[in-house]
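The data block below is entry.tsv; it holds TSV, C-alpha atoms.
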```tsv
chain	number	residue	atom	x	y	z
A	1	MET	CA	-2.46	4.64	37.10
A	2	GLN	CA	0.76	5.12	35.17
A	3	GLY	CA	-1.12	4.73	31.90
A	4	VAL	CA	-3.73	7.31	32.92
A	5	TRP	CA	-1.06	9.90	33.76
A	6	ARG	CA	0.69	9.26	30.44
A	7	GLU	CA	-2.52	9.84	28.51
A	8	LEU	CA	-3.24	13.06	30.41
A	9	ALA	CA	0.30	14.30	29.80
A	10	GLY	CA	-0.07	13.60	26.09
A	11	LEU	CA	-3.05	15.93	25.95
A	12	VAL	CA	-1.24	18.96	27.34
A	13	LEU	CA	2.45	18.52	26.52
A	14	PRO	CA	3.97	18.98	23.04
A	15	VAL	CA	5.10	15.73	21.45
A	16	ASP	CA	7.27	14.70	18.54
A	17	CYS	CA	6.49	12.04	15.96
A	18	ALA	CA	7.30	8.64	17.45
A	19	GLY	CA	8.58	7.42	14.10
A	20	CYS	CA	10.81	10.21	12.77
A	21	GLY	CA	10.90	12.90	15.47
A	22	ARG	CA	9.04	15.55	13.48
A	23	PRO	CA	7.84	18.12	16.05
A	24	ARG	CA	4.32	18.69	17.32
A	25	THR	CA	2.72	15.51	16.03
A	26	GLU	CA	2.55	12.14	17.73
A	27	LEU	CA	2.63	10.31	14.39
A	28	CYS	CA	3.14	12.18	11.12
A	29	ASP	CA	1.44	11.29	7.84
A	30	ALA	CA	4.67	9.95	6.35
A	31	CYS	CA	5.17	7.52	9.22
A	32	ARG	CA	1.52	6.45	9.02
A	33	ARG	CA	2.16	5.49	5.39
A	34	VAL	CA	5.26	3.53	6.38
A	35	LEU	CA	3.21	1.62	8.96
A	36	ALA	CA	0.71	0.75	6.24
A	37	ARG	CA	3.57	-0.22	3.90
A	38	ASP	CA	2.44	2.44	1.44
A	39	GLY	CA	-0.80	0.61	0.73
A	40	ARG	CA	0.82	-2.71	-0.16
A	41	GLY	CA	-0.90	-4.42	2.74
A	42	ALA	CA	0.12	-7.25	5.01
A	43	ARG	CA	1.98	-10.33	3.89
A	44	ARG	CA	2.73	-13.79	5.17
A	45	VAL	CA	5.98	-14.20	7.05
A	46	ARG	CA	8.03	-17.35	7.63
A	47	PRO	CA	10.69	-17.37	10.35
A	48	TRP	CA	13.66	-19.59	9.57
A	49	PRO	CA	14.10	-22.16	10.94
A	50	GLU	CA	10.35	-22.50	11.33
A	51	PRO	CA	9.42	-23.97	14.73
A	52	VAL	CA	7.19	-27.01	14.90
A	53	GLY	CA	3.58	-26.04	15.53
A	54	LEU	CA	3.83	-22.50	14.20
A	55	PRO	CA	0.54	-21.53	12.51
A	56	ARG	CA	0.34	-19.30	9.45
A	57	VAL	CA	1.63	-15.86	10.40
A	58	TRP	CA	0.84	-12.56	8.69
A	59	ALA	CA	2.60	-9.30	9.51
A	60	GLY	CA	1.65	-5.74	8.70
A	61	ALA	CA	5.06	-4.10	8.28
A	62	PRO	CA	8.82	-4.78	8.37
A	63	TYR	CA	10.39	-4.24	11.78
A	64	ALA	CA	12.81	-1.43	10.93
A	65	ASP	CA	13.32	2.31	11.18
A	66	GLU	CA	10.05	4.18	11.79
A	67	VAL	CA	8.02	1.03	12.49
A	68	ARG	CA	10.49	-0.11	15.14
A	69	ALA	CA	10.52	3.36	16.70
A	70	VAL	CA	6.71	3.55	16.89
A	71	LEU	CA	6.41	0.08	18.45
A	72	LEU	CA	9.04	0.90	21.06
A	73	ALA	CA	7.44	4.28	21.83
A	74	HIS	CA	4.13	2.54	22.52
A	75	LYS	CA	5.61	-0.40	24.39
A	76	GLU	CA	8.40	1.09	26.44
A	77	ARG	CA	7.69	4.82	26.63
A	78	GLY	CA	3.94	4.66	27.18
A	79	ALA	CA	2.80	6.53	24.05
A	80	LEU	CA	-0.60	4.92	24.49
A	81	ARG	CA	-2.41	6.75	21.69
A	82	LEU	CA	-0.20	4.95	19.19
A	83	ALA	CA	-2.27	1.84	19.89
A	84	GLY	CA	-4.83	3.14	17.35
A	85	PRO	CA	-2.56	3.23	14.27
A	86	LEU	CA	-0.74	0.08	15.39
A	87	GLY	CA	-4.10	-1.64	15.81
A	88	ALA	CA	-5.04	-0.68	12.26
A	89	VAL	CA	-1.86	-2.35	11.01
A	90	LEU	CA	-2.62	-5.47	13.06
A	91	ALA	CA	-6.17	-5.54	11.69
A	92	GLY	CA	-4.72	-5.62	8.18
A	93	ALA	CA	-2.63	-8.64	9.11
A	94	VAL	CA	-5.70	-10.38	10.56
A	95	ARG	CA	-7.60	-9.74	7.33
A	96	GLY	CA	-4.71	-11.21	5.36
A	97	LEU	CA	-5.19	-14.54	7.12
A	98	ARG	CA	-8.70	-14.90	5.69
A	99	ALA	CA	-9.48	-17.00	8.75
A	100	GLY	CA	-13.21	-17.31	8.08
A	101	GLY	CA	-16.36	-15.37	7.42
A	102	GLY	CA	-17.66	-15.06	10.97
A	103	PRO	CA	-16.50	-13.05	13.98
A	104	LEU	CA	-13.00	-13.90	15.14
A	105	LEU	CA	-11.42	-14.33	18.53
A	106	LEU	CA	-8.20	-12.38	18.89
A	107	VAL	CA	-6.06	-14.07	21.52
A	108	PRO	CA	-3.15	-11.85	22.62
A	109	VAL	CA	0.18	-13.37	23.58
A	110	PRO	CA	0.51	-12.50	27.29
A	111	SER	CA	3.25	-10.34	28.75
A	112	ALA	CA	4.93	-11.25	32.02
A	113	ARG	CA	3.21	-9.71	35.05
A	114	ARG	CA	6.40	-7.90	36.04
A	115	SER	CA	6.61	-6.34	32.56
A	116	VAL	CA	3.00	-5.12	32.69
A	117	ALA	CA	3.58	-3.70	36.17
A	118	GLY	CA	6.77	-1.94	35.08
A	119	ARG	CA	5.24	-0.42	31.95
A	120	GLY	CA	1.88	0.40	33.48
A	121	HIS	CA	0.01	-1.27	30.61
A	122	ASP	CA	-0.12	-4.43	28.49
A	123	PRO	CA	0.93	-3.25	25.00
A	124	VAL	CA	-0.17	-6.31	23.04
A	125	ARG	CA	-3.61	-6.39	24.62
A	126	ARG	CA	-4.06	-2.66	24.00
A	127	ILE	CA	-3.13	-3.05	20.30
A	128	ALA	CA	-5.41	-6.09	20.02
A	129	LEU	CA	-8.36	-4.09	21.37
A	130	ALA	CA	-7.68	-1.35	18.81
A	131	ALA	CA	-7.48	-3.96	16.04
A	132	ALA	CA	-10.79	-5.51	17.11
A	133	GLY	CA	-12.43	-2.09	16.93
A	134	GLU	CA	-11.05	-1.60	13.42
A	135	LEU	CA	-12.32	-5.02	12.33
A	136	ARG	CA	-15.79	-4.33	13.71
A	137	ARG	CA	-16.02	-1.17	11.62
A	138	ALA	CA	-15.31	-2.96	8.36
A	139	GLY	CA	-16.46	-6.53	8.52
A	140	PRO	CA	-17.89	-9.33	10.64
A	141	GLY	CA	-15.92	-8.10	13.62
A	142	ALA	CA	-13.68	-9.57	16.26
A	143	ARG	CA	-13.52	-9.98	20.01
A	144	VAL	CA	-10.40	-9.94	22.18
A	145	LEU	CA	-10.17	-12.95	24.45
A	146	ALA	CA	-7.20	-12.65	26.81
A	147	VAL	CA	-7.24	-16.24	28.05
A	148	LEU	CA	-3.54	-17.09	27.85
A	149	ARG	CA	-1.24	-16.70	30.83
A	150	GLN	CA	2.28	-17.66	31.76
A	151	ARG	CA	2.39	-20.79	33.88
A	152	ARG	CA	6.05	-20.25	34.74
A	153	ALA	CA	8.60	-17.49	34.46
A	154	VAL	CA	10.68	-17.25	31.28
A	155	ALA	CA	13.96	-15.49	30.58
A	156	ASP	CA	14.19	-12.42	28.37
A	157	GLN	CA	14.20	-13.70	24.78
A	158	ALA	CA	16.48	-10.93	23.50
A	159	GLY	CA	19.85	-12.31	22.45
A	160	LEU	CA	18.78	-15.96	22.55
A	161	SER	CA	19.22	-18.22	19.53
A	162	ALA	CA	16.18	-19.79	17.87
A	163	ARG	CA	16.84	-23.11	19.62
A	164	LYS	CA	17.27	-21.48	23.03
A	165	ARG	CA	14.09	-19.46	22.53
A	166	LEU	CA	12.14	-22.65	21.88
A	167	ALA	CA	13.52	-24.20	25.06
A	168	ASN	CA	12.87	-21.01	27.01
A	169	VAL	CA	9.14	-20.89	26.23
A	170	ALA	CA	8.41	-24.64	26.04
A	171	ASP	CA	5.25	-25.38	28.08
A	172	ALA	CA	5.37	-21.84	29.48
A	173	LEU	CA	1.82	-20.84	28.51
A	174	GLU	CA	-1.61	-22.14	29.40
A	175	VAL	CA	-5.26	-21.18	29.01
A	176	ARG	CA	-6.77	-19.84	32.22
A	177	ALA	CA	-8.83	-22.32	34.19
A	178	GLY	CA	-12.40	-22.48	32.92
A	179	ALA	CA	-11.66	-20.37	29.81
A	180	GLY	CA	-11.33	-23.27	27.40
A	181	ARG	CA	-15.10	-23.32	26.81
A	182	LEU	CA	-14.86	-19.79	25.38
A	183	LEU	CA	-12.63	-21.13	22.60
A	184	THR	CA	-14.84	-24.02	21.56
A	185	GLY	CA	-16.13	-23.83	18.00
A	186	ARG	CA	-14.54	-20.44	17.26
A	187	ALA	CA	-11.62	-19.50	15.04
A	188	ALA	CA	-8.88	-18.10	17.25
A	189	VAL	CA	-6.23	-15.77	15.84
A	190	LEU	CA	-3.12	-15.34	17.97
A	191	VAL	CA	-1.90	-11.74	18.01
A	192	ASP	CA	1.39	-10.14	19.04
A	193	ASP	CA	3.28	-6.96	18.31
A	194	LEU	CA	6.35	-8.67	16.82
A	195	VAL	CA	7.49	-12.07	15.58
A	196	THR	CA	11.15	-13.03	15.26
A	197	THR	CA	11.82	-16.77	15.58
A	198	GLY	CA	8.15	-17.72	16.03
A	199	ALA	CA	8.88	-19.67	19.24
A	200	THR	CA	6.36	-17.78	21.38
A	201	LEU	CA	3.57	-18.01	18.81
A	202	ALA	CA	4.18	-21.75	18.42
A	203	GLU	CA	3.91	-22.17	22.19
A	204	ALA	CA	0.74	-20.06	22.28
A	205	ALA	CA	-0.78	-22.21	19.53
A	206	ARG	CA	0.06	-25.35	21.50
A	207	ALA	CA	-1.60	-23.98	24.65
A	208	VAL	CA	-4.80	-22.96	22.81
A	209	THR	CA	-5.01	-26.32	21.01
A	210	VAL	CA	-4.52	-28.29	24.24
A	211	ALA	CA	-7.43	-26.35	25.75
A	212	GLY	CA	-9.69	-27.40	22.87
A	213	GLY	CA	-9.42	-24.28	20.72
A	214	ARG	CA	-8.84	-24.04	16.98
A	215	VAL	CA	-6.01	-21.77	15.88
A	216	ALA	CA	-6.77	-20.22	12.49
A	217	GLY	CA	-3.42	-18.42	12.31
A	218	ALA	CA	-1.43	-15.63	13.88
A	219	ALA	CA	-1.17	-11.92	13.10
A	220	VAL	CA	1.50	-9.46	14.21
A	221	VAL	CA	2.21	-5.81	13.65
A	222	ALA	CA	5.76	-6.35	12.41
A	223	ALA	CA	8.38	-8.93	11.49
A	224	PRO	CA	12.00	-8.81	10.26
A	225	SER	CA	12.23	-7.78	6.62
A	226	GLY	CA	13.84	-11.07	5.60
A	227	ALA	CA	10.91	-13.10	6.91
A	228	PHE	CA	8.37	-11.66	4.47
A	229	GLU	CA	7.25	-14.09	1.81
A	230	THR	CA	7.99	-12.87	-1.70
A	231	ASP	CA	5.67	-13.10	-4.69
A	232	SER	CA	7.93	-15.76	-6.22
A	233	ALA	CA	7.70	-17.85	-3.03
A	234	ARG	CA	3.91	-17.75	-3.17
A	235	ILE	CA	3.97	-18.82	-6.80
A	236	GLU	CA	6.32	-21.73	-5.99
A	237	ALA	CA	3.91	-22.87	-3.26
A	238	LEU	CA	0.98	-23.16	-5.67
A	239	PRO	CA	0.06	-26.68	-6.96
A	240	ARG	CA	1.63	-27.38	-10.33
A	241	GLY	CA	-0.39	-28.71	-13.25
A	242	LYS	CA	0.45	-32.07	-14.77
```
Write-out of the structure in structure tokens:
Amino acid sequence: MQGVWRELAGLVLPVDCAGCGRPRTELCDACRRVLARDGRGARRVRPWPEPVGLPRVWAGAPYADEVRAVLLAHKERGALRLAGPLGAVLAGAVRGLRAGGGPLLLVPVPSARRSVAGRGHDPVRRIALAAAGELRRAGPGARVLAVLRQRRAVADQAGLSARKRLANVADALEVRAGAGRLLTGRAAVLVDDLVTTGATLAEAARAVTVAGGRVAGAAVVAAPSGAFETDSARIEALPRGK
């Protein structure tokens, strides 16, 4: 119900841009361009140190300034209509993976039940649904399959080192009973709003693989600026001629 009241309030109350605070617009054109990285598109990101089991990860925008503000407005302040533009950014990251020609399964990283209850919505699932809609409009399409769940409680990851984050989420996720068959023979793309150390995505990939799924990669809305792969790094990764 909290989410419904927020959406109704957004229709009748004046709002400011979630990114820069410009009045009377929920997201101004300038901030929309920042989300889209001024047309440069999504890029691969590599957390360092890279956790074992982390699939390829693509992100749509650096987690800073306006992008950070928009994500927090959607996640923590219930600006639910921001799911549309954030979903478009996530869809760009999914396309960057080039995970295959057929329809994809977008598997959202689950939030803790207490977090969903406190916020009144599941932000990652909402963004994933918006991304799937965007992908269906311009390609073979995608389907959101929310089959992951937490099998045990985990501590808040904020402030934890990369090693402690890995320990915190180790064996914390599982595929819901009976849902493994839905993953069989399909390319699954893990999706989240943000990647930092990659610990949670590595754990999600483990859980999907154990259930018999095939993880084609992971896509997120944003990542720290320093994690984005540069053009020179991509060139260095190419096979060298003899």
Review point. Which is closer to Ala205 (chain A) than all the others in A:Gly92, A:Gly139, A:Gly217, A:Gly118, using all atoms listed in the file?
Key: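 Residue with the minimum atom-to-atom distance to Ala205 (chain A): A:Gly217.
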Revision key, fill the gap. In terms of all atoms listed in the file, the residue from A:Ala18, A:Ile127, A:Leu182, A:Ala132 at minimal distance from Leu72 (chain A) is A:Ala18
**Study point:** Counting all atoms listed in the file, the residue of A:Leu160, A:Val57, A:Cys28, A:Ala172 that sits nearest Ala99 (chain A)
**Key:**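 Among the listed residues, A:Val57 lies closest to Ala99 (chain A).
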Would you mind listing, for every residue of region 40-157 of chain A within 7 Å of region 29-35 of chain A, the two atoms forming the shortest contact and the distance between them in Å to one decimal, using all atoms listed in the file, sorted by chain and ascending residue number, as a Markdown table?
```
| residue | atom | partner | partner_atom | distance |
| --- | --- | --- | --- | --- |
| A:Ala61 | CA | A:Leu35 | CA | 6.1 |
| A:Glu66 | CA | A:Cys31 | CA | 6.4 |
| A:Val67 | CA | A:Leu35 | CA | 6.0 |
| A:Val89 | CA | A:Leu35 | CA | 6.8 |
```
Practice item. Using all atoms listed in the file, determine which residues lie at most 6 Å from region 107-116 of chain A, disregarding the query and same-chain residues fewer than 5 positions distant; provide the list as number ranges by chain. Key: A: 121-122, 125, 145-146, 149, 189-192
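When all atoms listed in the file are used to compute distances to Cys17 (chain A), the closest of the residues A:Arg126, A:Arg176, A:Arg44, A:Arg81 turns out to be A:Arg81.
If only C-alpha atoms are the atoms counted, then among A:Leu86, A:Ala204, A:Ala64, A:Val175 the closest residue to Ala36 (chain A) is A:Leu86.
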Review point. At what distance in Å, to one decimal, does CA of Ala222 (chain A) lie from CA of Asp65 (chain A)?
Key: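 Going from CA of Asp65 (chain A) over to CA of Ala222 (chain A) covers 11.6 Å.
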Practice item. Using all atoms listed in the file, pick whichever of A:Val94, A:Ala199, A:Ala138, A:Leu183 has the shortest atom-to-atom distance to Asn168 (chain A). Key: A:Ala199
Exercise for review: Would you list the contacts of Val220 (chain A) as a ChimeraX atom specification, taking every protein, DNA or RNA residue within 8 Å and counting only C-alpha atoms, but skipping same-chain residues closer than 5 positions in sequence?
Suggested key: /A:57-60,90,93,191-195
Review point. Which residues, written as a PyMOL selection string, have at least one atom at most 12 Å from Glu26 (chain A), with all atoms listed in the file counted and residues fewer than 2 positions away on the same chain left out?
Key: chain A and resi 10-11+13-24+28-32+69-70+73-74+79-85
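Here CA of Arg152 (chain A) stands at a distance of 7.6 Å from CA of Leu173 (chain A).
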Review point. Skipping near chain neighbours, those fewer than 3 positions away, what residues fall within 9 Å of region 207-209 of chain A using all atoms listed in the file, listed as a list in words?
Key: Val147, Leu148, Asp171, Ala172, Leu173, Glu174, Val175, Gly180, Leu183, Ala188, Ala202, Glu203, Ala204, Gly212, Gly213, Arg214 and Val215 of chain A
Reconstruct N, CA, C and O atoms of region 132-146 of chain A; output as an mmCIF file, in the coordinates of the input.
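After the write, selection-v7.cif holds the following:
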```cif
data_model
loop_
_atom_site.group_PDB
_atom_site.id
_atom_site.type_symbol
_atom_site.label_atom_id
_atom_site.label_comp_id
_atom_site.auth_asym_id
_atom_site.auth_seq_id
_atom_site.Cartn_x
_atom_site.Cartn_y
_atom_site.Cartn_z
ATOM 1 N N ALA A 132 -9.416 -4.998 17.087
ATOM 2 C CA ALA A 132 -10.790 -5.510 17.110
ATOM 3 C C ALA A 132 -11.784 -4.418 16.755
ATOM 4 O O ALA A 132 -12.757 -4.647 16.019
ATOM 5 N N GLY A 133 -11.554 -3.211 17.277
ATOM 6 C CA GLY A 133 -12.430 -2.090 16.930
ATOM 7 C C GLY A 133 -12.387 -1.788 15.443
ATOM 8 O O GLY A 133 -13.423 -1.513 14.820
ATOM 9 N N GLU A 134 -11.203 -1.836 14.867
ATOM 10 C CA GLU A 134 -11.050 -1.600 13.420
ATOM 11 C C GLU A 134 -11.780 -2.677 12.620
ATOM 12 O O GLU A 134 -12.451 -2.388 11.624
ATOM 13 N N LEU A 135 -11.663 -3.917 13.038
ATOM 14 C CA LEU A 135 -12.320 -5.020 12.330
ATOM 15 C C LEU A 135 -13.834 -4.935 12.433
ATOM 16 O O LEU A 135 -14.555 -5.286 11.498
ATOM 17 N N ARG A 136 -14.337 -4.462 13.559
ATOM 18 C CA ARG A 136 -15.790 -4.330 13.710
ATOM 19 C C ARG A 136 -16.352 -3.240 12.811
ATOM 20 O O ARG A 136 -17.512 -3.304 12.393
ATOM 21 N N ARG A 137 -15.534 -2.252 12.481
ATOM 22 C CA ARG A 137 -16.020 -1.170 11.620
ATOM 23 C C ARG A 137 -16.091 -1.579 10.157
ATOM 24 O O ARG A 137 -16.770 -0.920 9.369
ATOM 25 N N ALA A 138 -15.380 -2.619 9.783
ATOM 26 C CA ALA A 138 -15.310 -2.960 8.360
ATOM 27 C C ALA A 138 -15.384 -4.458 8.126
ATOM 28 O O ALA A 138 -14.598 -5.024 7.374
ATOM 29 N N GLY A 139 -16.347 -5.113 8.763
ATOM 30 C CA GLY A 139 -16.460 -6.530 8.520
ATOM 31 C C GLY A 139 -17.259 -7.227 9.595
ATOM 32 O O GLY A 139 -17.973 -6.596 10.381
ATOM 33 N N PRO A 140 -17.116 -8.565 9.665
ATOM 34 C CA PRO A 140 -17.890 -9.330 10.640
ATOM 35 C C PRO A 140 -17.467 -9.096 12.078
ATOM 36 O O PRO A 140 -18.178 -9.467 12.998
ATOM 37 N N GLY A 141 -16.316 -8.484 12.273
ATOM 38 C CA GLY A 141 -15.920 -8.100 13.620
ATOM 39 C C GLY A 141 -15.008 -9.093 14.286
ATOM 40 O O GLY A 141 -14.688 -10.161 13.763
ATOM 41 N N ALA A 142 -14.588 -8.730 15.478
ATOM 42 C CA ALA A 142 -13.680 -9.570 16.260
ATOM 43 C C ALA A 142 -13.843 -9.213 17.728
ATOM 44 O O ALA A 142 -14.267 -8.117 18.085
ATOM 45 N N ARG A 143 -13.454 -10.151 18.559
ATOM 46 C CA ARG A 143 -13.520 -9.980 20.010
ATOM 47 C C ARG A 143 -12.172 -10.385 20.586
ATOM 48 O O ARG A 143 -11.582 -11.386 20.166
ATOM 49 N N VAL A 144 -11.661 -9.603 21.519
ATOM 50 C CA VAL A 144 -10.400 -9.940 22.180
ATOM 51 C C VAL A 144 -10.693 -10.854 23.355
ATOM 52 O O VAL A 144 -11.542 -10.553 24.206
ATOM 53 N N LEU A 145 -9.996 -11.977 23.383
ATOM 54 C CA LEU A 145 -10.170 -12.950 24.450
ATOM 55 C C LEU A 145 -8.789 -13.217 25.069
ATOM 56 O O LEU A 145 -8.003 -14.003 24.554
ATOM 57 N N ALA A 146 -8.516 -12.535 26.158
ATOM 58 C CA ALA A 146 -7.200 -12.650 26.810
ATOM 59 C C ALA A 146 -7.201 -13.817 27.778
ATOM 60 O O ALA A 146 -7.281 -13.647 29.005
#
```
